[in-house]
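Next comes upload-v7.cif, with mmCIF, C-alpha atoms and all ligand atoms.
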```
data_coords
#
loop_
_atom_site.label_atom_id
_atom_site.label_comp_id
_atom_site.auth_asym_id
_atom_site.auth_seq_id
_atom_site.Cartn_x
_atom_site.Cartn_y
_atom_site.Cartn_z
CA MET A 1 0.00 0.00 0.00
CA GLY A 2 1.37 3.39 -0.95
CA PHE A 3 0.38 6.92 0.04
CA ARG A 4 -0.39 10.27 -1.47
CA ILE A 5 -0.06 13.79 -0.07
CA LEU A 6 -3.57 15.06 0.77
CA GLY A 7 -2.77 18.46 2.22
CA THR A 8 0.04 20.81 3.13
CA GLY A 9 0.39 23.81 5.44
CA THR A 10 2.99 26.31 6.61
CA ALA A 11 3.49 28.67 9.54
CA LEU A 12 6.16 31.36 9.76
CA PRO A 13 6.84 33.73 12.65
CA GLU A 14 5.49 37.25 12.11
CA ARG A 15 8.78 39.05 12.67
CA VAL A 16 10.66 39.55 9.40
CA VAL A 17 14.35 40.45 9.62
CA THR A 18 15.95 42.03 6.55
CA ASN A 19 19.60 41.95 5.57
CA ASP A 20 19.77 45.64 6.47
CA ASP A 21 18.47 44.80 9.96
CA LEU A 22 21.39 42.37 10.37
CA SER A 23 23.93 44.92 9.18
CA GLU A 24 22.95 47.11 12.15
CA PHE A 25 24.81 44.78 14.52
CA LEU A 26 27.00 42.66 12.20
CA ASP A 27 29.79 43.57 9.78
CA THR A 28 27.73 42.56 6.75
CA SER A 29 25.56 44.12 4.04
CA ASP A 30 22.46 43.46 1.97
CA GLU A 31 24.72 43.38 -1.09
CA TRP A 32 26.98 40.61 0.31
CA ILE A 33 24.14 38.44 1.61
CA SER A 34 21.97 38.86 -1.51
CA GLN A 35 24.79 38.16 -3.97
CA ARG A 36 26.39 35.25 -2.08
CA THR A 37 23.21 33.52 -0.94
CA GLY A 38 20.08 34.95 -2.62
CA ILE A 39 18.53 35.54 0.83
CA LYS A 40 16.75 38.89 1.36
CA THR A 41 14.73 38.29 4.53
CA ARG A 42 14.09 35.57 7.11
CA HIS A 43 11.29 35.06 9.66
CA VAL A 44 12.46 34.81 13.28
CA CYS A 45 10.70 33.74 16.45
CA THR A 46 10.13 36.44 19.05
CA THR A 47 7.21 35.42 21.27
CA ASP A 48 6.21 32.43 19.11
CA SER A 49 7.31 28.98 20.24
CA LEU A 50 8.14 26.14 17.88
CA ASP A 51 5.08 24.38 19.34
CA ASP A 52 2.99 27.32 18.06
CA LEU A 53 4.46 27.19 14.54
CA ALA A 54 4.38 23.40 14.22
CA THR A 55 0.78 23.30 15.43
CA ARG A 56 -0.36 26.04 13.02
CA ALA A 57 1.33 24.28 10.09
CA ALA A 58 -0.25 20.97 11.11
CA GLU A 59 -3.72 22.51 11.45
CA GLU A 60 -3.44 24.12 8.01
CA ALA A 61 -2.39 20.84 6.42
CA LEU A 62 -5.18 18.90 8.18
CA SER A 63 -7.75 21.49 7.12
CA TYR A 64 -6.55 21.38 3.49
CA ALA A 65 -6.71 17.58 3.53
CA GLY A 66 -10.14 17.51 5.21
CA VAL A 67 -8.71 15.17 7.85
CA ASP A 68 -9.54 15.42 11.56
CA ALA A 69 -6.78 15.00 14.15
CA SER A 70 -8.71 12.04 15.61
CA GLU A 71 -8.21 10.17 12.30
CA LEU A 72 -4.39 10.29 12.51
CA ASP A 73 -2.56 7.01 13.01
CA LEU A 74 0.91 8.55 13.37
CA ILE A 75 2.62 11.92 13.76
CA VAL A 76 6.28 12.19 12.75
CA CYS A 77 8.13 15.45 13.25
CA SER A 78 11.42 16.26 11.59
CA THR A 79 13.45 18.65 13.74
CA THR A 80 16.92 19.30 15.08
CA SER A 81 15.92 22.44 16.97
CA PRO A 82 12.91 21.35 19.08
CA ASP A 83 11.22 23.17 21.96
CA HIS A 84 11.49 19.99 24.03
CA ILE A 85 14.12 17.27 24.30
CA VAL A 86 11.39 15.17 25.90
CA PRO A 87 8.66 14.66 25.03
CA ALA A 88 9.11 14.74 21.26
CA GLN A 89 8.20 17.84 19.26
CA ALA A 90 5.68 15.61 17.45
CA THR A 91 4.05 14.80 20.79
CA ALA A 92 3.66 18.49 21.65
CA VAL A 93 1.86 18.95 18.31
CA GLY A 94 -0.29 15.89 19.01
CA GLU A 95 -1.35 17.35 22.35
CA ARG A 96 -2.24 20.74 20.85
CA ILE A 97 -4.29 19.32 17.95
CA GLY A 98 -5.98 16.67 20.11
CA ALA A 99 -4.52 13.56 18.48
CA ALA A 100 -4.25 10.26 20.33
CA CYS A 101 -1.87 8.40 17.99
CA PRO A 102 1.84 7.51 18.43
CA SER A 103 4.20 10.41 17.80
CA PHE A 104 7.96 10.79 17.61
CA ASP A 105 10.71 12.87 16.01
CA VAL A 106 13.37 12.14 13.43
CA ALA A 107 16.67 14.04 13.35
CA ALA A 108 18.35 14.08 9.95
CA ALA A 109 19.10 17.83 9.72
CA CYS A 110 18.01 19.48 6.49
CA ALA A 111 17.16 16.15 4.84
CA GLY A 112 14.81 15.29 7.73
CA PHE A 113 11.53 15.73 5.89
CA ILE A 114 12.45 13.03 3.35
CA PHE A 115 13.58 10.72 6.18
CA ALA A 116 10.23 11.34 7.94
CA LEU A 117 8.32 10.61 4.72
CA ASP A 118 10.23 7.35 4.40
CA VAL A 119 9.27 6.36 7.97
CA ALA A 120 5.64 7.15 7.16
CA ASP A 121 5.87 5.14 3.94
CA GLY A 122 6.85 2.10 6.03
CA TRP A 123 3.67 2.47 8.14
CA PHE A 124 1.55 2.55 4.98
CA ALA A 125 3.45 -0.39 3.48
CA ARG A 126 2.77 -2.51 6.58
CA GLY A 127 -0.90 -1.51 6.61
CA ARG A 128 -0.52 0.24 9.97
CA ALA A 129 -1.74 3.65 8.89
CA ARG A 130 -4.42 5.35 6.78
CA ARG A 131 -3.60 8.94 7.77
CA VAL A 132 -0.18 10.26 8.83
CA LEU A 133 0.87 13.79 9.72
CA VAL A 134 4.47 14.69 8.88
CA VAL A 135 5.64 18.01 10.32
CA ALA A 136 9.02 19.68 9.84
CA ALA A 137 9.59 22.41 12.41
CA GLU A 138 12.79 24.33 12.98
CA ARG A 139 13.98 27.22 15.09
CA TYR A 140 17.61 27.55 14.04
CA THR A 141 17.86 31.16 15.23
CA ARG A 142 18.35 29.74 18.72
CA LEU A 143 21.32 27.65 17.55
CA MET A 144 23.24 30.56 16.02
CA ASP A 145 26.30 32.33 17.29
CA TRP A 146 24.96 35.82 16.54
CA HIS A 147 28.52 37.17 16.32
CA ASP A 148 29.35 34.79 13.45
CA ARG A 149 28.33 36.58 10.25
CA SER A 150 29.21 33.57 8.09
CA THR A 151 26.40 31.48 9.60
CA CYS A 152 23.75 33.59 11.36
CA VAL A 153 22.71 35.45 8.19
CA LEU A 154 21.73 32.17 6.53
CA PHE A 155 19.02 30.77 8.78
CA GLY A 156 15.40 31.50 9.73
CA ASP A 157 12.56 29.85 11.66
CA GLY A 158 9.38 28.16 10.46
CA ALA A 159 7.32 25.01 10.19
CA SER A 160 5.59 23.17 7.40
CA ALA A 161 3.49 20.02 7.35
CA ALA A 162 1.97 17.43 5.06
CA VAL A 163 -0.94 15.06 5.67
CA LEU A 164 -0.52 11.71 3.94
CA GLY A 165 -3.32 9.31 3.11
CA ASP A 166 -3.24 5.68 2.03
CA GLY A 167 -4.11 4.53 -1.45
CA GLY A 168 -1.69 6.46 -3.63
CA GLU A 169 1.29 5.27 -5.60
CA GLY A 170 3.75 6.32 -2.86
CA PHE A 171 7.39 6.75 -3.77
CA ILE A 172 8.41 5.96 -7.30
CA SER A 173 11.90 6.11 -5.88
CA VAL A 174 13.49 7.08 -2.56
CA HIS A 175 17.12 7.26 -1.41
CA LEU A 176 18.54 8.05 2.01
CA SER A 177 22.26 8.30 2.69
CA THR A 178 24.65 9.44 5.40
CA LYS A 179 28.35 10.12 5.01
CA PRO A 180 29.39 10.60 8.65
CA ASP A 181 31.41 13.81 9.19
CA LEU A 182 30.98 15.84 12.38
CA GLU A 183 33.58 18.43 11.36
CA VAL A 184 31.76 19.98 8.42
CA LEU A 185 28.61 21.03 10.27
CA GLU A 186 27.84 20.55 13.94
CA VAL A 187 25.71 21.85 16.78
CA PRO A 188 26.97 20.32 20.06
CA GLY A 189 24.35 19.09 22.55
CA LEU A 190 23.56 20.69 25.91
CA SER A 191 26.33 20.56 28.51
CA GLY A 192 23.99 20.30 31.49
CA SER A 193 24.99 20.97 35.08
CA SER A 194 26.11 17.59 36.35
CA PRO A 195 28.41 18.01 39.36
CA PHE A 196 30.36 15.00 38.02
CA ASN A 197 31.14 16.52 34.64
CA VAL A 198 34.74 17.69 34.40
CA SER A 199 34.98 18.16 30.64
CA GLU A 200 35.01 21.65 29.13
CA PRO A 201 31.47 22.77 28.15
CA ARG A 202 30.99 23.59 24.46
CA PRO A 203 28.57 26.28 23.32
CA CYS A 204 25.38 24.89 21.80
CA THR A 205 25.81 26.88 18.58
CA LEU A 206 26.21 25.95 14.93
CA SER A 207 29.63 25.81 13.30
CA MET A 208 30.12 25.02 9.64
CA HIS A 209 32.65 24.84 6.83
CA GLY A 210 30.42 26.67 4.34
CA GLY A 211 32.46 25.82 1.26
CA GLU A 212 32.35 22.08 2.04
CA VAL A 213 28.58 22.17 2.55
CA PHE A 214 28.22 24.15 -0.68
CA LYS A 215 30.05 21.47 -2.71
CA TYR A 216 28.17 18.68 -0.96
CA GLY A 217 24.85 20.40 -1.71
CA VAL A 218 25.50 20.79 -5.42
CA THR A 219 26.86 17.25 -5.79
CA SER A 220 23.96 15.78 -3.81
CA ILE A 221 21.27 17.49 -5.87
CA VAL A 222 22.88 16.50 -9.19
CA GLN A 223 23.55 12.87 -8.22
CA GLU A 224 20.18 12.34 -6.55
CA VAL A 225 18.13 13.80 -9.43
CA ARG A 226 20.00 11.57 -11.90
CA LYS A 227 19.35 8.51 -9.69
CA LEU A 228 15.65 9.33 -9.26
CA ALA A 229 15.19 9.84 -13.00
CA ALA A 230 17.08 6.64 -13.86
CA ASP A 231 14.96 4.64 -11.38
CA ALA A 232 11.80 5.86 -13.13
CA GLY A 233 13.20 5.28 -16.63
CA ILE A 234 12.98 8.99 -17.45
CA THR A 235 15.48 11.85 -17.80
CA PRO A 236 15.92 14.80 -15.40
CA GLN A 237 14.32 16.98 -18.10
CA ASP A 238 11.15 14.86 -17.86
CA ILE A 239 10.64 15.85 -14.21
CA ASP A 240 8.02 18.60 -13.91
CA HIS A 241 8.84 20.12 -10.51
CA PHE A 242 11.96 20.18 -8.35
CA VAL A 243 11.72 20.81 -4.61
CA PHE A 244 15.26 21.18 -3.30
CA HIS A 245 16.62 22.19 0.08
CA GLN A 246 16.93 25.98 0.19
CA ALA A 247 20.42 26.66 1.53
CA ASN A 248 21.88 29.04 -1.05
CA GLY A 249 20.60 30.32 -4.40
CA ARG A 250 24.02 29.68 -5.93
CA ILE A 251 23.77 25.99 -4.95
CA LEU A 252 20.45 25.82 -6.84
CA ASP A 253 21.91 27.73 -9.86
CA SER A 254 24.92 25.45 -10.07
CA ALA A 255 22.82 22.27 -9.84
CA ILE A 256 20.38 23.56 -12.49
CA THR A 257 23.26 24.24 -14.90
CA ARG A 258 24.88 20.84 -14.31
CA LEU A 259 21.61 18.98 -14.74
CA GLY A 260 20.55 21.00 -17.79
CA ILE A 261 17.05 21.44 -16.39
CA ASP A 262 14.65 24.38 -16.72
CA GLY A 263 15.26 26.72 -13.77
CA ASP A 264 11.57 27.70 -13.75
CA ARG A 265 10.75 24.16 -12.60
CA VAL A 266 12.78 24.62 -9.40
CA VAL A 267 10.73 26.07 -6.55
CA ARG A 268 12.50 28.92 -4.76
CA THR A 269 11.52 30.20 -1.34
CA LEU A 270 14.82 31.14 0.27
CA ALA A 271 14.80 34.84 -0.68
CA ASP A 272 11.93 35.34 1.80
CA THR A 273 12.69 32.68 4.41
CA GLY A 274 16.40 31.86 4.37
CA ASN A 275 17.42 28.33 5.31
CA ILE A 276 14.80 26.77 7.64
CA SER A 277 16.60 23.42 7.69
CA SER A 278 14.19 20.50 7.24
CA ALA A 279 11.15 22.80 6.93
CA CYS A 280 12.44 24.13 3.57
CA ILE A 281 11.24 21.20 1.47
CA PRO A 282 7.65 20.93 2.76
CA LEU A 283 7.39 24.74 2.65
CA ALA A 284 8.43 24.78 -1.01
CA LEU A 285 6.02 21.90 -1.68
CA ASP A 286 3.22 23.83 0.05
CA LYS A 287 3.97 26.77 -2.25
CA LEU A 288 3.62 24.49 -5.28
CA VAL A 289 0.36 23.05 -3.97
CA ARG A 290 -1.19 26.43 -3.20
CA THR A 291 -0.15 28.20 -6.39
CA GLY A 292 -1.98 25.59 -8.46
CA GLU A 293 1.12 24.59 -10.41
CA LEU A 294 0.65 20.86 -9.89
CA ALA A 295 -1.33 18.63 -12.21
CA ALA A 296 -2.21 14.95 -12.08
CA GLY A 297 0.45 12.83 -13.76
CA GLU A 298 3.30 15.24 -13.04
CA TYR A 299 6.59 14.15 -11.47
CA VAL A 300 7.87 15.93 -8.36
CA ALA A 301 11.49 15.35 -7.28
CA MET A 302 12.64 16.38 -3.81
CA VAL A 303 16.24 16.49 -2.57
CA GLY A 304 17.39 17.50 0.91
CA PHE A 305 21.00 17.64 2.16
CA GLY A 306 22.74 18.90 5.24
CA ALA A 307 24.52 18.08 8.49
CA GLY A 308 25.55 14.49 8.88
CA LEU A 309 26.42 14.70 6.08
CA THR A 310 23.00 13.47 5.14
CA THR A 311 20.99 13.32 1.94
CA GLY A 312 17.40 12.30 1.29
CA SER A 313 15.70 12.29 -2.09
CA CYS A 314 12.44 11.01 -3.51
CA LEU A 315 10.36 11.03 -6.67
CA LEU A 316 6.57 11.20 -6.46
CA GLN A 317 3.98 11.24 -9.22
CA TRP A 318 0.98 13.45 -8.45
CA ASP A 319 -2.43 11.86 -8.97
CA GLU A 320 -5.88 13.40 -9.23
CA LYS A 321 -6.49 12.97 -5.47
CA SER A 322 -3.18 14.53 -4.40
CA ALA A 323 -3.15 17.99 -2.82
CA GLY A 324 -3.44 20.79 -5.34
CA ALA A 325 -3.76 18.53 -8.39
CA ALA A 326 -5.22 20.70 -11.12
CA THR A 327 -7.96 18.26 -12.05
CA LEU A 328 -9.11 17.76 -8.46
CA ALA A 329 -12.61 18.83 -7.40
CA LYS A 330 -11.54 19.39 -3.81
CA THR A 331 -13.95 18.27 -1.17
CA PRO A 332 -13.11 15.97 1.74
CA SER A 333 -15.30 13.18 0.32
CA ASP A 334 -13.24 13.17 -2.88
CA LEU A 335 -10.23 12.32 -0.80
CA SER A 336 -11.46 9.24 1.02
CA ASP A 337 -10.73 5.88 -0.56
N1 LIG B 1 28.89 39.42 5.28
C1 LIG B 1 30.02 39.90 4.76
N2 LIG B 1 31.11 39.15 4.58
C2 LIG B 1 31.05 37.86 4.93
C3 LIG B 1 29.89 37.28 5.48
C4 LIG B 1 28.78 38.12 5.65
N3 LIG B 1 27.62 37.69 6.18
N4 LIG B 1 30.13 35.98 5.73
C5 LIG B 1 31.39 35.74 5.36
N5 LIG B 1 31.96 36.88 4.87
C6 LIG B 1 33.29 37.07 4.36
C7 LIG B 1 34.28 36.06 4.88
O1 LIG B 1 34.78 36.49 6.15
C8 LIG B 1 35.35 36.10 3.82
O2 LIG B 1 36.15 37.23 4.04
P1 LIG B 1 37.74 37.15 3.76
O3 LIG B 1 37.88 36.83 2.30
O4 LIG B 1 38.20 38.50 4.14
O5 LIG B 1 38.21 36.04 4.65
C9 LIG B 1 34.54 36.35 2.54
O6 LIG B 1 33.27 36.86 2.96
C10 LIG B 1 34.33 35.12 1.69
O7 LIG B 1 33.88 34.07 2.53
P2 LIG B 1 33.51 32.65 1.95
O8 LIG B 1 33.18 31.72 3.09
O9 LIG B 1 34.56 32.22 0.98
O10 LIG B 1 32.19 33.02 1.14
P3 LIG B 1 31.33 32.09 0.21
O11 LIG B 1 31.12 32.77 -1.07
O12 LIG B 1 31.84 30.67 0.21
O13 LIG B 1 29.92 32.05 0.95
C11 LIG B 1 28.51 30.77 2.38
C12 LIG B 1 29.81 31.55 2.27
C13 LIG B 1 27.36 31.70 2.06
C14 LIG B 1 28.37 30.26 3.81
C15 LIG B 1 28.52 29.60 1.37
O14 LIG B 1 29.69 28.87 1.50
C16 LIG B 1 27.34 28.67 1.55
O15 LIG B 1 26.20 29.04 1.35
N6 LIG B 1 27.58 27.39 1.91
C17 LIG B 1 26.53 26.46 2.11
C18 LIG B 1 25.99 26.65 3.49
C19 LIG B 1 24.83 25.79 3.81
O16 LIG B 1 24.18 25.29 2.95
N7 LIG B 1 24.57 25.63 5.10
C20 LIG B 1 23.43 25.00 5.61
C21 LIG B 1 23.46 23.54 5.51
S1 LIG B 1 21.97 22.96 6.08
C22 LIG B 1 22.11 22.19 7.57
O17 LIG B 1 22.35 21.02 7.64
C23 LIG B 1 21.90 22.94 8.86
#
```

Here is a file; write its structure as structure tokens.
Amino acid sequence: MGFRILGTGTALPERVVTNDDLSEFLDTSDEWISQRTGIKTRHVCTTDSLDDLATRAAEEALSYAGVDASELDLIVCSTTSPDHIVPAQATAVGERIGAACPSFDVAAACAGFIFALDVADGWFARGRARRVLVVAAERYTRLMDWHDRSTCVLFGDGASAAVLGDGGEGFISVHLSTKPDLEVLEVPGLSGSSPFNVSEPRPCTLSMHGGEVFKYGVTSIVQEVRKLAADAGITPQDIDHFVFHQANGRILDSAITRLGIDGDRVVRTLADTGNISSACIPLALDKLVRTGELAAGEYVAMVGFGAGLTTGSCLLQWDEKSAGAATLAKTPSDLSD
């Protein structure tokens, strides 16, 4: 048994921070950030919690799908910047929306949404679920060293969600990979206050070799798209929509050139949101769904990459009951199998 995506939703904090706002306290400029990354603004949490954002995104996705929280069989949340270490971020969402199903988190950095989809796919394959909520929620602004201009200008906060239902084709192809390397990108865990600890505490902030991540990002997108296309017996040019992790506009440009694909088929959200880690992919997918650009029969390729180093990619084919499919007469009854 496969699945299809029935609904999507997104929530961003209200506070928008521009590049000029950052240059008030950092030695940076709108020109540098725009040219090197393509980012113009990012949304940052002020009074909003990640619970708030994740819940709003989940409620939007459930409403779009016409699914009630009581119908959910599983909630999986992708996050590496949760409000709670325990219980899971997914469990906090479950409490807020009134769900009674199992819930847990996956941590695969910016590729996390694809890893979470793959977990959900397993539940459908084993006949254990009819409705699954997958949420990606990230608050990376709390993991930044705000004196480090090479990292803090890149990230923003936000959450995005997808409701999956049984009965669809599921993945045409999916690939997950991890090339362990803690040097390239790391956020150390909490030091705690154990009286027995004698090791030097490390700040819980993100450090990164940007150039290495840049190369890894381009290579991952190119290799993964070629693999996905080959698995389906098509070419990269036959894929209708590309939903890639939004880390840097130049990573997207370079991958587009190498693949020889139409840049208009690549969803771009990072100018407004910056890098929201694993929430980037569902947010870009939500944009596709809500702008009516998806039609039944079209191929959608998604590729995420990030800390780990980790990559997740998948190819889906939209059908007439999938969220936002152009031929869909959208009422909840249309969506039930
Ligand atoms: N403003 C002004 N100058 C800056 C800034 C800034 N915000 N940041 C760095 N610089 C300076 C550097 O200090 C350096 O100055 P120097 O030449 O005097 O030493 C100069 O700009 C060039 O720095 P580079 O690091 O070579 O700049 P580059 O063009 O490589 O861009 C960047 C850096 C934007 C980080 C790029 O490498 C990148 O986007 N990498 C990918 C990052 C990424 O994807 N991260 C997220 C991964 S997702 C996850 O898993 C969490």

Set up a box along x, y and z of the file covering all listed atoms of ligand LIG 1 (chain B), add 3 Å on every one of the six sides, and write the centre and edge lengths in Å to one decimal, as AutoDock Vina command-line options.
```
--center_x 30.1 --center_y 30.5 --center_z 3.9 --size_x 22.3 --size_y 24.9 --size_z 15.9
```

- Item | Site check for ligand LIG 1 (chain B): residues at most 8 Å away, all atoms listed in the file, as a PyMOL selection string | chain A and resi 26-29+32-33+36-37+109-111+148-155+185+208-215+217+246-248+250-251+275+277+305-310

- Task: Figure out the distance between CA of Ala162 in chain A and CA of Gly9 in chain A, please, to one decimal in Å.
- Result: 6.6 Å

- Shell around range 254-265 of chain A at 10 Å using only C-alpha atoms, local window under 3 positions removed, as a ChimeraX atom specification: /A:215,217-223,225-226,235-243,249-251,268,293,300

- For CA of Phe171 in chain A and CA of Leu316 in chain A, quote the distance in Å rounded to one decimal.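 Atom-to-atom, CA of Phe171 in chain A to CA of Leu316 in chain A, that is 5.3 Å.
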
- Item | Gap from CA of Glu169 in chain A to CA of Gly2 in chain A - Å, one decimal |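 That distance, rounded to one decimal, is 5.0 Å.
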
- Identify which of the residues A:Glu60, A:Asp145, A:Asp166, A:Glu320 lies closest to Cys204 in chain A, counting only C-alpha atoms when measuring atom-to-atom distances.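 Of A:Glu60, A:Asp145, A:Asp166, A:Glu320, the one nearest Cys204 in chain A is A:Asp145, counting only C-alpha atoms.
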
- Item | Expected residue set, 9 Å radius at (-1.0, 20.4, 19.5), all atoms listed in the file, as a ChimeraX atom specification | /A:51-52,54-56,58-59,90-99

- Message: I'd like to know which of A:Ala120, A:Val289, A:Val187, A:Ile172 is closest to Gly233 in chain A, using all atoms listed in the file.
- Response: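 Of the candidates, the smallest distance to Gly233 in chain A is held by A:Ile172.
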
- Item | Distance query Ala107 in chain A at most 6 Å, all atoms listed in the file, self and fewer than 3 positions along chain excluded, as number ranges by chain | A: 78-80

- Task: Using only C-alpha atoms, give me every residue within 12 Å of (-5.2, 10.5, 16.5) in file coordinates, as a ChimeraX atom specification.
- Result: /A:62,67-75,91,93-103,129-133

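Between Leu50 in chain A and the candidates A:Val106, A:Ala229, A:Leu283, A:Cys77, the tightest atom-to-atom separation, counting only C-alpha atoms, involves A:Cys77.
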
- Item | Neighbour list for His43 in chain A as a list in words, cut-off 9 Å, all atoms listed in the file, skip fewer than 4 positions in-chain |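 Those residues are Leu12, Pro13, Glu14, Arg15, Val16, Val17, Thr18, Phe155, Gly156, Asp157, Gly158, Asp272, Thr273 and Gly274 of chain A.
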